[in-house]
Amino acid sequence: MIIEDDWNTSLQVARNFHEYDSYRNSPNQAVKALAKRCPNLTSDEAQYAFDTCLALLISAIDVVERHKDKMWAKYHANESGHVPAILGELQAAHPDLPDVLYRWVTGWVWFWHHLK
């Protein structure tokens, strides 16, 4: 069973793979690294978690880009919190993940793709 901590680690591995070309740019190497960091996962669970989080990250990059005007408006108004439309789109496209993952990936994409 994949628990919330495993999902968090899976998202970190997927992010490192996609954004930084880690794991020799090999999905198999990334899954092996994930399995090592989450020894409670079966090999099928590690593969599923990596694939799911990679797809979530790629979706988040697109969704945040489409809603960046709303994000910038919140940023300039010094408002905290996420844009519900972004979270809703991600949850619809990638259901049944822990809520914290949608917020984490949105915040990460916003910071590294738009604020930096």
# chains A, B, ... in the order shown; residues from 1 in each chain; ligands from 1
>>> select_by_dssp(residues="chain A", states="alpha helix (DSSP H)", output="VMD selection string")
chain A and resid 4 to 20 27 to 37 43 to 66 68 to 76 84 to 93 99 to 110
>>> residues_around(residues="Thr106 of chain A", least_positions_apart="2", cutoff="12 Å", atoms="only C-alpha atoms", output="JSON, numbers by chain")
{"A": [11, 56, 57, 58, 59, 60, 61, 62, 63, 64, 65, 67, 68, 71, 81, 82, 83, 84, 85, 86, 87, 88, 89, 90, 91, 99, 100, 101, 102, 103, 104, 108, 109, 110, 111, 112, 113, 114]}
>>> atom_distance(atom1="atom CA of Asn40 of chain A", atom2="atom CA of Gly107 of chain A")
27.6 Å
>>> closest_residue(among="A:Ala33, A:Asp51, A:Asp44, A:Ser80", to="Met1 of chain A", atoms="only C-alpha atoms")
A:Asp44
>>> residues_around(residues="Trp7 of chain A", least_positions_apart="3", cutoff="10 Å", atoms="only C-alpha atoms", output="number ranges by chain")
A: 2-4, 10-13, 38, 46, 49-50, 52-53, 97-98, 100-101
>>> atom_distance(atom1="atom CA of Tyr20 of chain A", atom2="atom CA of Tyr48 of chain A")
20.7 Å
>>> closest_residue(among="A:Ala92, A:Ala14, A:Val105, A:Leu115", to="Lys32 of chain A", atoms="only C-alpha atoms")
A:Ala14
>>> atom_distance(atom1="atom CA of Phe17 of chain A", atom2="atom CA of Glu45 of chain A")
17.7 Å
>>> closest_residue(among="A:His94, A:Arg24, A:Arg37, A:Lys70", to="Leu54 of chain A", atoms="only C-alpha atoms")
A:His94
>>> decode(residues="segment 11-59 of chain A", atoms="C-alpha atoms", output="PDB file, in the first residue's frame")
ATOM      1  CA  LEU A  11       6.860  13.250  -6.287  1.00  0.00           C
ATOM      2  CA  GLN A  12      10.381  14.281  -5.265  1.00  0.00           C
ATOM      3  CA  VAL A  13      11.885  11.530  -7.419  1.00  0.00           C
ATOM      4  CA  ALA A  14       9.635  12.434 -10.367  1.00  0.00           C
ATOM      5  CA  ARG A  15      10.571  16.102  -9.966  1.00  0.00           C
ATOM      6  CA  ASN A  16      14.283  15.300  -9.885  1.00  0.00           C
ATOM      7  CA  PHE A  17      13.904  13.091 -12.934  1.00  0.00           C
ATOM      8  CA  HIS A  18      11.880  15.568 -14.987  1.00  0.00           C
ATOM      9  CA  GLU A  19      13.370  18.881 -13.928  1.00  0.00           C
ATOM     10  CA  TYR A  20      17.008  18.025 -13.275  1.00  0.00           C
ATOM     11  CA  ASP A  21      17.617  15.006 -15.542  1.00  0.00           C
ATOM     12  CA  SER A  22      18.537  12.970 -12.485  1.00  0.00           C
ATOM     13  CA  TYR A  23      18.908   9.193 -12.495  1.00  0.00           C
ATOM     14  CA  ARG A  24      20.850   9.299 -15.764  1.00  0.00           C
ATOM     15  CA  ASN A  25      17.583  10.352 -17.403  1.00  0.00           C
ATOM     16  CA  SER A  26      16.425   6.744 -17.091  1.00  0.00           C
ATOM     17  CA  PRO A  27      12.920   6.061 -15.749  1.00  0.00           C
ATOM     18  CA  ASN A  28      14.121   2.632 -14.596  1.00  0.00           C
ATOM     19  CA  GLN A  29      16.885   4.232 -12.540  1.00  0.00           C
ATOM     20  CA  ALA A  30      14.374   6.643 -11.026  1.00  0.00           C
ATOM     21  CA  VAL A  31      12.057   3.793 -10.029  1.00  0.00           C
ATOM     22  CA  LYS A  32      15.006   1.911  -8.519  1.00  0.00           C
ATOM     23  CA  ALA A  33      15.924   5.011  -6.501  1.00  0.00           C
ATOM     24  CA  LEU A  34      12.326   5.345  -5.347  1.00  0.00           C
ATOM     25  CA  ALA A  35      12.183   1.696  -4.312  1.00  0.00           C
ATOM     26  CA  LYS A  36      15.359   2.192  -2.313  1.00  0.00           C
ATOM     27  CA  ARG A  37      13.943   5.284  -0.552  1.00  0.00           C
ATOM     28  CA  CYS A  38      10.592   3.537   0.074  1.00  0.00           C
ATOM     29  CA  PRO A  39      11.487  -0.086   0.860  1.00  0.00           C
ATOM     30  CA  ASN A  40       7.896  -0.858   1.879  1.00  0.00           C
ATOM     31  CA  LEU A  41       6.745  -0.471  -1.750  1.00  0.00           C
ATOM     32  CA  THR A  42       6.563  -3.441  -4.083  1.00  0.00           C
ATOM     33  CA  SER A  43       8.230  -2.986  -7.463  1.00  0.00           C
ATOM     34  CA  ASP A  44       4.790  -2.546  -9.074  1.00  0.00           C
ATOM     35  CA  GLU A  45       3.806   0.076  -6.481  1.00  0.00           C
ATOM     36  CA  ALA A  46       7.075   1.970  -6.993  1.00  0.00           C
ATOM     37  CA  GLN A  47       6.536   1.989 -10.758  1.00  0.00           C
ATOM     38  CA  TYR A  48       2.917   3.116 -10.375  1.00  0.00           C
ATOM     39  CA  ALA A  49       3.803   5.852  -7.878  1.00  0.00           C
ATOM     40  CA  PHE A  50       6.602   7.186 -10.091  1.00  0.00           C
ATOM     41  CA  ASP A  51       4.479   7.150 -13.255  1.00  0.00           C
ATOM     42  CA  THR A  52       1.558   8.800 -11.451  1.00  0.00           C
ATOM     43  CA  CYS A  53       3.691  11.538  -9.908  1.00  0.00           C
ATOM     44  CA  LEU A  54       5.529  12.231 -13.147  1.00  0.00           C
ATOM     45  CA  ALA A  55       2.185  12.664 -14.916  1.00  0.00           C
ATOM     46  CA  LEU A  56       0.953  14.888 -12.057  1.00  0.00           C
ATOM     47  CA  LEU A  57       4.041  17.095 -12.304  1.00  0.00           C
ATOM     48  CA  ILE A  58       3.752  17.479 -16.075  1.00  0.00           C
ATOM     49  CA  SER A  59       0.055  18.314 -15.724  1.00  0.00           C
TER      50      SER A  59
END
